[in-house]
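Engineer: One structure follows; several queries about it will come next.
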Amino acid sequence: MNNEVSSKNTIIQGKNYRFTVLSERLVRLEFSIDGKFNNNKTLLVKNRNFPKCDFQVQQDDKFLVINTKYFSLQYIKEKPFKGPSYAPDINLKIALLNTDKTWYYDHPEARNFKSDAFSLDDYKGLIKLNNGLYSTDGFAVLNDSKTLEINENGFLKKPDSNRVDLYVFMYKRDFGLCLKDYYTLTGYPPLIPRYALGIWWNRERIFSAEELLDMVVLFRRYQIPVSVILLSEFWHIKDESNYNLYKSGYTFNPKLFPNPQEFIKKLNAEHIRIGLNIDPVEGIRKEEPSYRLFAENFNITNGDNIPFNMFDPNFIKLYLQSIINPLISIGTDVFWLDYRKDMETLQALNYYQNENIKAFNKRNLVLTRNPLVAPHNYQVLYSGETIVSWNTLKYLPFYNALGSNKGISWWSHDVGGYKDGIEDGELYIRYVEFACFSPIFRFSAKRGPYYKREPWLWDIKTYTVAREYCWLRQRLIPYIYTESYNYYKNGIPLVQPLYYIYPEIYDEPLYNNEYYFGRELIVAPITRPMNTLISRSIHRIFLPEGVWYEFKTGKKFIGNKRYVVFYNEENYPVFAKSGTIIPLANLMENKNDTSNPHDLEINVFPGSNNIYKLYEDDGISNDYLNGKYIITAIDYNYLKNNYTLIIHPVEGDISLLPPERSYKIRFRNTRQADNVSVYLNQDILNNIVSYEDANDFVVEIKNVDPKKQLTINCKGRDIEIDATRIINEDINAIINDMNISTKLKEEIAQIVFSDLEIHRKRIELRKIRNLNSKVKKMFLKLLEYIAEI
């Protein structure tokens, strides 16, 4: 059965119209002047063969009414679709049942929360965003009228201009079900290769193979993991007299890369993948080894450039077979498509690139500018050449979350910013911390000696903090990869905004860039410079219902509240809900290696029961499609002062794991347990190590068989630490770090921590002699924050 063709019992058709009820929430609306309708796939739509849902049809010679559980559609038969812009004749409208909302043709969708843009090139605060699916009206429309079609041979063709083809989602508040319908219609997102979740690096410079290998040595020396190296346009053949002359090229420059295959093998030996920038805007030049083949096929005899034509099947075949496939065969893993001349060519380029790789049993990766049509199908989206600024950083978390309004997760931004601006250590640190908890972590910068993207180019403090978060990112890969599988399998975006649950947050600039990072974490990114007087970022956060713990410190926060918090450069606001389980790679060496780790550290937060299912496969092939993967269920049973963690036997293809695995179980906010029992199946294990580490209790179990059940029980009296966040601790740390005399610190503390009312404290602070007026104003402001809490 062709998935692009809907079942006949879902279609209501006339001479010039055809309506298809795809689900209770989704209806296809077509109008054709000549009565011909499209049954081909398009770049937007892959599947129209939905199972039949319940709906009722009422019609006569003039009127048609279609009712489902969610909507009621009314149409005057055979009339071209009209909306208010053709007033007063509205002949097609859909009422959202049990609401006062009605969609009509040409609806402005003013309450749509928007989604993506083509890029963020040169973003300075204003950008035109495309509509997404999320709207407080509870409906949204996708227009497939002008989308490129896919014919029976798999080639693209321009659509018929005389037809209207719309998909209207009527979902009320059930946005999760809307996304499910959207993915069923357009295709579920791909599972990207595991190495893509590590750290990427790119510099717009002319590098030789030798210089790049020297760079790898520096990454190793300074203990910064790197998984993907991207080569900008200078990797390929250029005009030897002017390296800036040509953008397009597809063959390694032999002077820079005399043996590209050997070079790639050396990178792979370091667990690093190679990516190549390709911008085919200039077509095929005579310097290319494949030029002669193209010239013969297209009768070019004068040495002119052969135009890049993604709508000529012969050109497409030659391009893939003689240019792309040879690059894949020598080990290229990532194709960075930086084409920006016209949208249809970019869309076609992405389509054929992705279709072509299906012939190889590997997940080659495409990093592309946004093709706008079903962009979630095209792996990783490149946001363009962003400006180095706090303004850019402030927008990125909000923009990432907007992506989920169209089912997008894999946005990739230039960590640190790409160009211009001022190189500032604090800004760099906040970029790195944000990147640690972003879908893709990619260092990148424009050509120039003064862009400092490598952490070791900074002062020791900036380098140390950046290294810590680069290291944390590498350790987080088991969690992020599991969440990316959840995105691929169940259509739950890796990044989601809080306004799905709390719509009012969208209009609150203090909180609207917070987001869920996977199912277990919330991130409240810092996007403004710190207050230099107190060496802290004064940050306002909102936490949803429940009990939350700061991921790094373990401090406890009660949810459904707003807080004022203070963060130095080393700390970042990431929160885990009670019962959260976070699997981390417990890496000791081979930091670049992103494959399934032998050692796992499992962080467990108290307060609630939970089951987390860790997903693993080989990370690079398509064998997972045939069931070659494993699931490890991690089951946390919580009772106060009596915890049991069960790591169930792995389910699936055990060959994907080493024969033994070691575990470090980190029970967060827990003291040394009086009694620790560890069982492997029914056998008690005695060769374990347990100890306190700051506010955590750690149990280490070495080299156990993952096919057997591991059970850890910890119990005792008052072993759970109720480390509720106390504002006085924050204020005391601020006073301690300030560059003022010890005597003044004591005077300030005596007032701030006294039992006086707030207004009396303010009076007493003003009386302190020899206290700088700026410092005095700051502590008066801090008293306001205390009063808010």
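Naming scheme: A, B, ... for chains in displayed order of the structure tokens; residues 1 onward per chain; ligands 1 onward as shown.
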If you run DSSP over the backbone, which residues in stretch 402-451 of chain A end up alpha helix (DSSP H)? Put them as a ChimeraX atom specification.
Structural biologist: /A:402-403,425-436
Engineer: Determine, counting only C-alpha atoms, which protein, DNA and RNA residues have an atom within 8 Å of an atom of A:Phe50; residues of the same chain fewer than 3 positions away are not included. Present the result as a PDB file with C-alpha atoms, in the first residue's frame.
Structural biologist:
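Printed below is part_37.pdb as written:
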ATOM      1  CA  SER A   6      -5.151   8.057   1.768  1.00  0.00           C
ATOM      2  CA  SER A   7      -7.719   5.337   2.235  1.00  0.00           C
ATOM      3  CA  LEU A  22      -6.597  12.081   8.533  1.00  0.00           C
ATOM      4  CA  SER A  23      -7.286  12.095  12.262  1.00  0.00           C
ATOM      5  CA  ASN A  47       2.410   9.658   4.675  1.00  0.00           C
ATOM      6  CA  THR A 184       2.974  10.797  11.183  1.00  0.00           C
TER       7      THR A 184
END
Engineer: So that I can see what lies close to stretch 537-541 of chain A, please list as a PyMOL selection string the residues with an atom at most 6 Å from it, counting only C-alpha atoms and leaving out residues fewer than 3 positions away in the same chain.
Structural biologist: chain A and resi 530-531+562-567
Engineer: Applying 8 Å and only C-alpha atoms, which residues near stretch 63-75 of chain A remain after dropping the ones on its own chain fewer than 3 positions away? List them as a tab-separated table (two decimals) with N, CA and C atoms, in the first residue's frame.
Structural biologist:
chain	number	residue	atom	x	y	z
A	24	GLU	N	-8.73	12.73	14.07
A	24	GLU	CA	-9.77	13.56	14.70
A	24	GLU	C	-9.36	15.02	14.78
A	25	ARG	N	-8.03	15.27	14.63
A	25	ARG	CA	-7.50	16.63	14.78
A	25	ARG	C	-6.94	17.20	13.47
A	54	ASP	N	-13.00	8.24	13.76
A	54	ASP	CA	-14.44	8.48	13.80
A	54	ASP	C	-14.75	9.88	13.29
A	55	PHE	N	-15.58	9.97	12.29
A	55	PHE	CA	-16.08	11.27	11.84
A	55	PHE	C	-17.43	11.07	11.17
A	56	GLN	N	-18.22	12.14	11.10
A	56	GLN	CA	-19.55	12.09	10.50
A	56	GLN	C	-19.63	13.14	9.39
A	57	VAL	N	-20.35	12.78	8.32
A	57	VAL	CA	-20.52	13.66	7.17
A	57	VAL	C	-22.00	13.95	6.96
A	58	GLN	N	-22.33	15.22	6.82
A	58	GLN	CA	-23.67	15.64	6.46
A	58	GLN	C	-23.55	16.52	5.22
A	59	GLN	N	-24.29	16.23	4.18
A	59	GLN	CA	-24.17	17.02	2.96
A	59	GLN	C	-25.45	16.95	2.13
A	60	ASP	N	-25.60	17.98	1.30
A	60	ASP	CA	-26.63	17.98	0.27
A	60	ASP	C	-25.99	18.53	-0.99
A	91	ASN	N	-16.46	30.86	2.58
A	91	ASN	CA	-17.17	29.62	2.22
A	91	ASN	C	-16.54	28.37	2.80
A	92	LEU	N	-15.49	28.55	3.62
A	92	LEU	CA	-14.85	27.41	4.27
A	92	LEU	C	-14.41	27.83	5.66
A	93	LYS	N	-14.92	27.15	6.67
A	93	LYS	CA	-14.49	27.43	8.03
A	93	LYS	C	-14.59	26.16	8.87
A	94	ILE	N	-13.76	26.13	9.93
A	94	ILE	CA	-13.72	24.96	10.81
A	94	ILE	C	-13.80	25.46	12.24
A	95	ALA	N	-14.85	25.07	12.94
A	95	ALA	CA	-15.03	25.46	14.34
A	95	ALA	C	-14.34	24.45	15.24
A	96	LEU	N	-13.62	24.96	16.22
A	96	LEU	CA	-12.98	24.11	17.22
A	96	LEU	C	-14.00	23.87	18.33
A	97	LEU	N	-14.45	22.65	18.46
A	97	LEU	CA	-15.58	22.35	19.33
A	97	LEU	C	-15.29	22.68	20.79
A	170	MET	N	-6.43	20.89	14.20
A	170	MET	CA	-7.41	21.44	15.16
A	170	MET	C	-7.29	20.63	16.46
A	171	TYR	N	-6.45	21.08	17.38
A	171	TYR	CA	-6.05	20.21	18.49
A	171	TYR	C	-6.42	20.74	19.87
A	172	LYS	N	-6.99	21.93	19.95
A	172	LYS	CA	-7.32	22.58	21.24
A	172	LYS	C	-6.05	22.70	22.10
Engineer: Do you know which residues are at most 9 Å from A:Leu213 counting only C-alpha atoms, after dropping those on the same chain fewer than 4 positions away, and could you put them as an MDAnalysis selection string?
Structural biologist: chainID A and resid 208:209 217:218 263 266:267
Engineer: Using only C-alpha atoms, which residues sit within 7 Å of stretch 280-292 of chain A once same-chain residues fewer than 4 positions away are excluded, as JSON, numbers by chain?
Structural biologist: {"A": [248, 251, 296, 303, 305, 306, 307, 308, 322, 339, 341]}
Engineer: Find the residues near stretch 11-18 of chain A: any atom within 9 Å, counting only C-alpha atoms, skip ones fewer than 2 places away on the same chain, and give them as JSON, numbers by chain.
Structural biologist: {"A": [6, 7, 8, 9, 20, 21, 22, 28, 29, 30, 31, 32, 33, 34, 35, 36, 37, 57, 77, 78, 79, 80]}
Engineer: Create the file for the chosen residues now, containing C-alpha atoms and written as a short mmCIF file (atom, residue, chain, number, x, y, z; two decimals), in the first residue's frame.
Structural biologist:
data_model
loop_
_atom_site.label_atom_id
_atom_site.label_comp_id
_atom_site.auth_asym_id
_atom_site.auth_seq_id
_atom_site.Cartn_x
_atom_site.Cartn_y
_atom_site.Cartn_z
CA SER A 6 -5.15 8.06 1.77
CA SER A 7 -7.72 5.34 2.23
CA LYS A 8 -10.91 5.97 0.23
CA ASN A 9 -13.08 5.78 3.34
CA THR A 20 -9.42 13.97 3.71
CA VAL A 21 -10.00 13.35 7.42
CA LEU A 22 -6.60 12.08 8.53
CA ARG A 28 -6.50 17.85 4.41
CA LEU A 29 -8.24 20.47 2.24
CA GLU A 30 -7.69 20.51 -1.53
CA PHE A 31 -9.14 22.63 -4.31
CA SER A 32 -8.23 22.22 -7.98
CA ILE A 33 -9.58 24.26 -10.89
CA ASP A 34 -9.12 21.35 -13.31
CA GLY A 35 -10.22 18.69 -10.83
CA LYS A 36 -6.78 17.04 -10.63
CA PHE A 37 -5.42 16.27 -7.19
CA VAL A 57 -20.52 13.66 7.17
CA LYS A 77 -19.44 22.93 -2.31
CA GLU A 78 -17.31 23.56 -5.39
CA LYS A 79 -16.54 27.14 -4.35
CA PRO A 80 -12.89 28.30 -4.44
#
Engineer: If I take atom CA of A:Leu771 and atom CA of A:Val752, how far is one from the other in Å, to one decimal?
Structural biologist: 14.7 Å
Engineer: If you measure from atom CA of A:Lys640 to atom CA of A:Gly546, what distance in Å do you get, rounded to one decimal?
Structural biologist: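 Computed distance, atom CA of A:Lys640 to atom CA of A:Gly546, equals 16.8 Å.
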